[in-house]
>>> print(open('model.txt').read())   # compact mmCIF, C-alpha atoms
# COMPACT_ATOMS: atom_id res chain seq x y z
CA MET F 1 -2.74 -39.57 76.47
CA LYS F 2 -2.95 -39.59 72.67
CA SER F 3 -5.26 -37.18 70.88
CA GLU F 4 -7.90 -39.71 69.90
CA GLN F 5 -7.98 -40.98 73.48
CA VAL F 6 -8.48 -37.41 74.71
CA ILE F 7 -11.32 -36.93 72.25
CA GLU F 8 -13.00 -40.20 73.24
CA THR F 9 -12.60 -39.52 76.97
CA ILE F 10 -14.14 -36.05 76.77
CA SER F 11 -16.92 -37.22 74.49
CA ASN F 12 -17.86 -40.12 76.79
CA ALA F 13 -17.82 -37.84 79.83
CA LEU F 14 -20.35 -35.44 78.29
CA ARG F 15 -22.50 -37.71 76.13
CA ASP F 16 -25.23 -38.16 78.74
CA HIS F 17 -25.07 -34.71 80.33
CA SER F 18 -28.56 -33.22 80.28
CA ALA F 19 -27.39 -29.74 79.23
CA VAL F 20 -25.26 -30.89 76.28
CA ARG F 21 -27.10 -31.32 72.97
CA GLY F 22 -24.09 -32.01 70.79
CA LEU F 23 -20.29 -32.16 70.69
CA PHE F 24 -18.20 -31.68 67.57
CA LEU F 25 -14.55 -31.45 66.60
CA SER F 26 -13.54 -28.31 64.72
CA GLY F 27 -10.18 -26.93 63.61
CA SER F 28 -7.62 -29.41 62.28
CA PHE F 29 -9.31 -32.45 63.82
CA GLY F 30 -12.63 -31.32 62.40
CA ASN F 31 -11.40 -30.96 58.82
CA GLY F 32 -9.00 -33.92 58.83
CA ARG F 33 -5.77 -31.93 58.69
CA ALA F 34 -4.50 -32.57 62.21
CA ASP F 35 -0.89 -33.47 62.81
CA ALA F 36 1.18 -34.34 65.87
CA TYR F 37 1.32 -30.66 66.87
CA SER F 38 -2.36 -29.79 66.54
CA ASP F 39 -4.45 -28.65 69.45
CA ILE F 40 -7.90 -30.19 69.83
CA ASP F 41 -10.75 -27.82 69.09
CA PHE F 42 -14.30 -28.64 70.12
CA VAL F 43 -17.68 -27.04 69.57
CA LEU F 44 -20.22 -27.87 72.27
CA VAL F 45 -23.89 -27.00 71.84
CA SER F 46 -26.04 -26.29 74.88
CA GLU F 47 -29.53 -24.83 74.96
CA ASP F 48 -28.38 -21.89 77.10
CA GLY F 49 -24.85 -21.59 75.74
CA LEU F 50 -21.90 -21.23 78.08
CA THR F 51 -23.32 -21.35 81.60
CA ASP F 52 -21.36 -22.01 84.79
CA GLU F 53 -22.91 -25.48 84.92
CA VAL F 54 -21.67 -26.37 81.44
CA ALA F 55 -18.25 -24.85 82.14
CA GLU F 56 -17.88 -27.04 85.23
CA ALA F 57 -18.97 -30.12 83.29
CA TRP F 58 -16.40 -29.32 80.62
CA LYS F 59 -13.65 -28.88 83.21
CA ALA F 60 -14.49 -32.22 84.79
CA ALA F 61 -14.36 -33.89 81.37
CA VAL F 62 -10.97 -32.36 80.52
CA ALA F 63 -9.63 -33.33 83.95
CA ARG F 64 -10.21 -36.97 83.03
CA THR F 65 -7.52 -36.60 80.35
CA GLY F 66 -4.78 -35.30 82.66
CA ASP F 67 -3.81 -32.78 85.29
CA ILE F 68 -4.98 -29.32 84.17
CA VAL F 69 -2.08 -26.85 84.45
CA MET F 70 -3.68 -23.92 82.58
CA TRP F 71 -7.35 -22.99 82.52
CA TRP F 72 -8.82 -19.91 80.81
CA ASP F 73 -12.56 -19.74 81.28
CA ARG F 74 -14.14 -17.01 79.13
CA ASN F 75 -10.98 -14.89 79.39
CA VAL F 76 -10.43 -14.39 75.65
CA ARG F 77 -13.94 -14.73 74.23
CA THR F 78 -17.23 -15.04 76.06
CA ALA F 79 -17.96 -18.50 74.62
CA LEU F 80 -14.41 -19.91 74.73
CA ILE F 81 -12.55 -22.06 77.28
CA ASN F 82 -8.86 -22.92 76.79
CA ALA F 83 -7.02 -25.63 78.72
CA ILE F 84 -3.58 -27.25 78.81
CA THR F 85 -2.88 -30.47 80.69
CA ALA F 86 0.43 -31.59 82.21
CA ASP F 87 1.55 -33.39 79.02
CA TRP F 88 0.86 -30.14 77.12
CA THR F 89 -2.26 -31.34 75.37
CA ARG F 90 -4.16 -28.22 74.35
CA THR F 91 -7.94 -28.29 74.22
CA ASP F 92 -10.19 -25.41 73.24
CA VAL F 93 -13.96 -25.42 73.31
CA ILE F 94 -16.49 -22.94 72.01
CA ILE F 95 -19.84 -23.40 73.73
CA LEU F 96 -22.79 -22.18 71.68
CA LYS F 97 -26.54 -22.04 71.64
CA PRO F 98 -28.19 -24.00 68.78
CA GLU F 99 -28.93 -20.85 66.79
CA GLN F 100 -25.25 -19.79 67.04
CA PHE F 101 -24.10 -23.22 65.91
CA ALA F 102 -25.98 -22.69 62.64
CA ALA F 103 -23.15 -20.39 61.46
CA HIS F 104 -20.90 -23.46 60.99
CA ASN F 105 -20.69 -25.85 58.05
CA LYS F 106 -20.27 -29.61 57.69
CA ALA F 107 -16.86 -29.42 56.05
CA SER F 108 -15.31 -27.83 59.13
CA LEU F 109 -16.75 -30.20 61.75
CA ARG F 110 -16.62 -33.84 62.81
CA PRO F 111 -19.59 -34.92 64.94
CA LEU F 112 -18.84 -36.84 68.14
CA PHE F 113 -22.45 -37.00 69.25
CA ASP F 114 -25.45 -34.98 68.09
CA HIS F 115 -28.59 -35.62 70.11
CA ALA F 116 -30.53 -32.81 68.41
CA GLY F 117 -29.59 -33.58 64.79
CA LEU F 118 -27.94 -30.17 64.42
CA TYR F 119 -25.18 -31.28 62.07
CA ASP F 120 -27.62 -32.43 59.37
CA GLN F 121 -29.08 -28.92 59.21
CA LEU F 122 -25.75 -27.28 58.32
CA PRO F 123 -24.65 -26.38 54.79
CA LYS F 124 -21.91 -28.56 53.30
CA GLU F 125 -19.39 -25.72 53.25
CA ARG F 126 -19.02 -21.97 53.27
CA SER F 127 -16.38 -19.96 51.47
CA GLN F 128 -14.03 -17.91 53.61
CA PRO F 129 -15.47 -14.39 53.67
CA GLN F 130 -13.28 -11.60 52.37
CA ALA F 131 -12.47 -8.66 54.59
CA SER F 132 -15.11 -5.99 54.14
CA PRO F 133 -14.01 -2.81 52.32
CA ALA F 134 -14.21 -0.89 55.59
CA ARG F 135 -12.10 -3.43 57.43
CA MET F 136 -9.52 -3.59 54.66
CA PHE F 137 -9.29 0.21 54.56
CA ARG F 138 -8.78 0.23 58.34
CA ARG F 139 -5.97 -2.36 58.08
CA ILE F 140 -4.17 -0.28 55.48
CA GLU F 141 -4.51 2.84 57.59
CA GLU F 142 -3.14 0.97 60.59
CA PHE F 143 -0.05 -0.12 58.64
CA ILE F 144 0.57 3.48 57.57
CA ARG F 145 0.00 4.72 61.13
CA ILE F 146 2.57 2.29 62.56
CA LEU F 147 5.00 3.21 59.77
CA GLY F 148 4.55 6.89 60.59
CA LEU F 149 5.51 6.31 64.23
CA LEU F 150 9.03 5.61 62.98
CA HIS F 151 9.86 9.30 63.25
CA LEU F 152 8.84 9.24 66.90
CA ALA F 153 10.91 6.12 67.70
CA ALA F 154 13.93 7.63 65.97
CA GLY F 155 13.52 11.03 67.58
CA ARG F 156 13.23 9.59 71.08
CA GLU F 157 15.88 6.94 70.39
CA GLU F 158 13.28 4.33 71.32
CA TYR F 159 14.89 1.58 69.29
CA ILE F 160 13.34 -1.28 71.27
CA ASN F 161 9.91 0.23 70.59
CA GLY F 162 10.98 0.55 66.97
CA VAL F 163 11.59 -3.19 66.83
CA ALA F 164 8.12 -3.77 68.31
CA GLY F 165 6.74 -1.62 65.49
CA ILE F 166 8.50 -3.78 62.92
CA PHE F 167 6.86 -6.90 64.32
CA ASN F 168 3.48 -5.15 63.99
CA LEU F 169 4.24 -4.33 60.37
CA ARG F 170 5.23 -7.96 59.79
CA THR F 171 1.90 -9.15 61.16
CA LYS F 172 0.05 -6.72 58.90
CA LEU F 173 2.03 -7.97 55.88
CA ILE F 174 1.21 -11.60 56.65
CA ASP F 175 -2.47 -10.75 57.12
CA LEU F 176 -2.45 -9.02 53.74
CA MET F 177 -0.87 -12.04 52.05
CA ILE F 178 -3.43 -14.39 53.57
CA GLU F 179 -6.15 -12.08 52.28
CA GLU F 180 -4.54 -12.28 48.82
CA THR F 181 -4.68 -16.08 48.75
CA ALA F 182 -8.33 -16.15 49.88
CA SER F 183 -7.89 -19.64 51.33
CA PRO F 184 -11.26 -21.22 52.15
CA ASP F 185 -9.77 -22.93 55.22
CA ARG F 186 -7.42 -20.64 57.08
CA GLY F 187 -7.13 -22.73 60.22
CA GLY F 188 -5.21 -21.52 63.24
CA ALA F 189 -2.39 -19.03 63.57
CA LEU F 190 0.27 -21.75 63.41
CA HIS F 191 -0.58 -22.96 59.89
CA LEU F 192 1.06 -20.31 57.73
CA ASN F 193 2.87 -22.81 55.52
CA ARG F 194 -0.34 -23.89 53.85
CA LEU F 195 -1.79 -20.38 53.64
CA LEU F 196 1.07 -18.59 51.89
CA THR F 197 2.39 -19.14 48.39
CA GLU F 198 6.07 -19.80 47.73
CA GLU F 199 6.41 -16.27 46.35
CA GLN F 200 4.87 -14.81 49.49
CA LYS F 201 7.14 -16.87 51.76
CA ALA F 202 10.19 -15.78 49.79
CA SER F 203 9.15 -12.12 50.08
CA ILE F 204 8.81 -12.36 53.85
CA THR F 205 12.00 -14.31 54.48
CA ALA F 206 13.99 -11.85 52.34
CA LEU F 207 13.11 -8.95 54.62
CA PRO F 208 15.81 -7.77 57.06
CA ALA F 209 15.69 -8.90 60.67
CA PRO F 210 14.68 -6.31 63.31
CA VAL F 211 17.64 -4.78 65.13
CA ALA F 212 17.36 -2.24 67.97
CA GLU F 213 19.66 0.31 66.32
CA ARG F 214 18.72 3.55 64.57
CA GLU F 215 19.78 2.94 60.96
CA ALA F 216 18.73 -0.71 61.00
CA MET F 217 15.33 0.25 62.43
CA ILE F 218 14.79 2.83 59.68
CA THR F 219 15.99 0.52 56.91
CA THR F 220 13.74 -2.32 58.08
CA HIS F 221 10.65 -0.09 58.34
CA LEU F 222 11.22 1.05 54.76
CA ALA F 223 11.71 -2.55 53.59
CA TYR F 224 8.35 -3.52 55.07
CA ALA F 225 6.71 -0.47 53.53
CA LYS F 226 8.09 -1.46 50.13
CA ALA F 227 6.83 -5.02 50.59
CA TYR F 228 3.38 -4.08 51.89
CA LEU F 229 2.12 -0.90 50.30
CA PRO F 230 2.30 -1.85 46.58
CA ARG F 231 0.63 -5.21 47.33
CA ALA F 232 -2.04 -3.50 49.39
CA ARG F 233 -2.67 -0.96 46.62
CA ARG F 234 -3.17 -3.72 44.08
CA LEU F 235 -5.55 -5.67 46.29
CA ALA F 236 -7.46 -2.54 47.28
CA LYS F 237 -7.95 -1.71 43.58
CA GLN F 238 -9.16 -5.26 42.86
CA ARG F 239 -11.64 -5.09 45.74
CA GLY F 240 -12.84 -1.55 45.02
CA VAL F 241 -11.42 -0.21 48.29
CA ASP F 242 -10.47 3.46 48.45
CA TRP F 243 -6.83 4.20 49.18
CA PRO F 244 -5.93 6.62 52.02
CA GLU F 245 -3.91 8.83 49.68
CA LYS F 246 -3.78 11.91 51.90
CA PHE F 247 -2.77 9.91 54.94
CA GLU F 248 -0.01 8.05 53.11
CA ALA F 249 1.28 11.26 51.49
CA ALA F 250 1.31 13.08 54.84
CA THR F 251 3.16 10.16 56.41
CA TRP F 252 5.92 10.14 53.78
CA GLU F 253 6.18 13.92 54.05
CA LYS F 254 6.66 13.63 57.81
CA LEU F 255 9.22 10.84 57.49
CA ASN F 256 11.11 12.82 54.86
CA GLU F 257 11.11 15.92 57.05
CA ALA F 258 12.23 14.04 60.17
CA LEU F 259 14.52 11.38 58.71
CA GLY F 260 15.27 12.34 55.12
CA VAL F 261 13.70 9.18 53.69
CA GLU F 262 11.67 8.87 50.50
CA ARG F 263 8.77 6.64 49.54
CA PRO F 264 10.52 3.35 48.61
CA TYR F 265 8.24 2.40 45.74
CA GLU F 266 6.81 3.97 42.59
CA LEU F 267 3.14 4.84 42.34
>>> encode(input="model.txt", output="structure tokens")
Amino acid sequence: MKSEQVIETISNALRDHSAVRGLFLSGSFGNGRADAYSDIDFVLVSEDGLTDEVAEAWKAAVARTGDIVMWWDRNVRTALINAITADWTRTDVIILKPEQFAAHNKASLRPLFDHAGLYDQLPKERSQPQASPARMFRRIEEFIRILGLLHLAAGREEYINGVAGIFNLRTKLIDLMIEETASPDRGGALHLNRLLTEEQKASITALPAPVAEREAMITTHLAYAKAYLPRARRLAKQRGVDWPEKFEAATWEKLNEALGVERPYEL
């Protein structure tokens, strides 16, 4: 079943349900940027939010579009249901109370039906909020903490764990770059191409690939540190975020003591 058929089928199945006050498309279908690979994100508004009754009604509606082969009901978030049907159509729904729905904006939604006139009460758009200073500080500390565990992975010869650490550093670097661009519409996790600049993409692709071997593990950790920490320092300064100087200094001291490595960038 094609995406628009899925949308129409689910909408028709729920339009007259007494507990459903409105149904809206969000994500790529809500903002008009969907492609052949997009999942279908819905926002459903019910007076009491996500109850068992509404969850069952949603499941019955999705079942009209195909055989459900994966069903996550409130497993990830308390208001979220994820489903995949046999043709690998992915549908996600967030089920909210009217007062929770008010946090949305018109630019991110496409109304399917709106019995309560909720959409008209929303602002046209909202800018993407920046990470708070406390959250940004915590992210920087977490990068440094993962970097510091390099001495442990090397000492124990835990090179597979070392590779896992590199992937964590990579995620932190990408998150930092997305924060740099301050895109007003970040979309889902599979839309990096439109969130990163060409310079950012080039920086990431130039980094060495993770290899479960001692010297490669050390070299790659240092490459990510060199890519991340100067950028993070610049952004922290722009945002007025304190830098964890003592923590970073102690980490480089430990890595130098254990592995003989130096900080790979100039302050």
>>> residues_around(input="model.txt", residues="segment 62-74 of chain F", least_positions_apart="2", cutoff="9 Å", atoms="only C-alpha atoms", output="list of chain:residue names")
F:Met1, F:Gln5, F:Val6, F:Ile7, F:Thr9, F:Ile10, F:Ala13, F:Leu50, F:Ala55, F:Ala57, F:Trp58, F:Lys59, F:Ala60, F:Val76, F:Arg77, F:Thr78, F:Ala79, F:Leu80, F:Ile81, F:Asn82, F:Ala83, F:Ile84, F:Thr85, F:Ala86, F:Asp87, F:Trp88, F:Thr89, F:Thr91
>>> atom_distance(input="model.txt", atom1="atom CA of Gln100 of chain F", atom2="atom CA of Tyr119 of chain F")
12.5 Å
>>> residues_near_point(input="model.txt", point="(-2.1, 7.2, 49.6)", cutoff="12 Å", atoms="all atoms listed in the file", output="ChimeraX atom specification")
/F:137,140-141,143-145,229-230,232-233,236,241-253,263,266-267
>>> residues_around(input="model.txt", residues="Glu157 of chain F", least_positions_apart="3", cutoff="12 Å", atoms="all atoms listed in the file", output="ChimeraX atom specification")
/F:150-154,160-163,212-215,217-218
>>> atom_distance(input="model.txt", atom1="atom CA of Leu235 of chain F", atom2="atom CA of Ala223 of chain F")
19.0 Å
>>> closest_residue(input="model.txt", among="F:Val45, F:Leu23, F:Ala102, F:Leu207", to="Thr219 of chain F", atoms="all atoms listed in the file")
F:Leu207
>>> atom_distance(input="model.txt", atom1="atom CA of Val93 of chain F", atom2="atom CA of Ala61 of chain F")
11.7 Å
>>> closest_residue(input="model.txt", among="F:Ala103, F:Val54, F:Ile174, F:Ile40", to="His17 of chain F", atoms="all atoms listed in the file")
F:Val54
>>> closest_residue(input="model.txt", among="F:Tyr37, F:Leu222, F:Gly49, F:Asn31", to="Glu125 of chain F", atoms="only C-alpha atoms")
F:Asn31
>>> closest_residue(input="model.txt", among="F:Ala258, F:Ala225, F:Ile146, F:Leu112", to="Leu173 of chain F", atoms="all atoms listed in the file")
F:Ala225
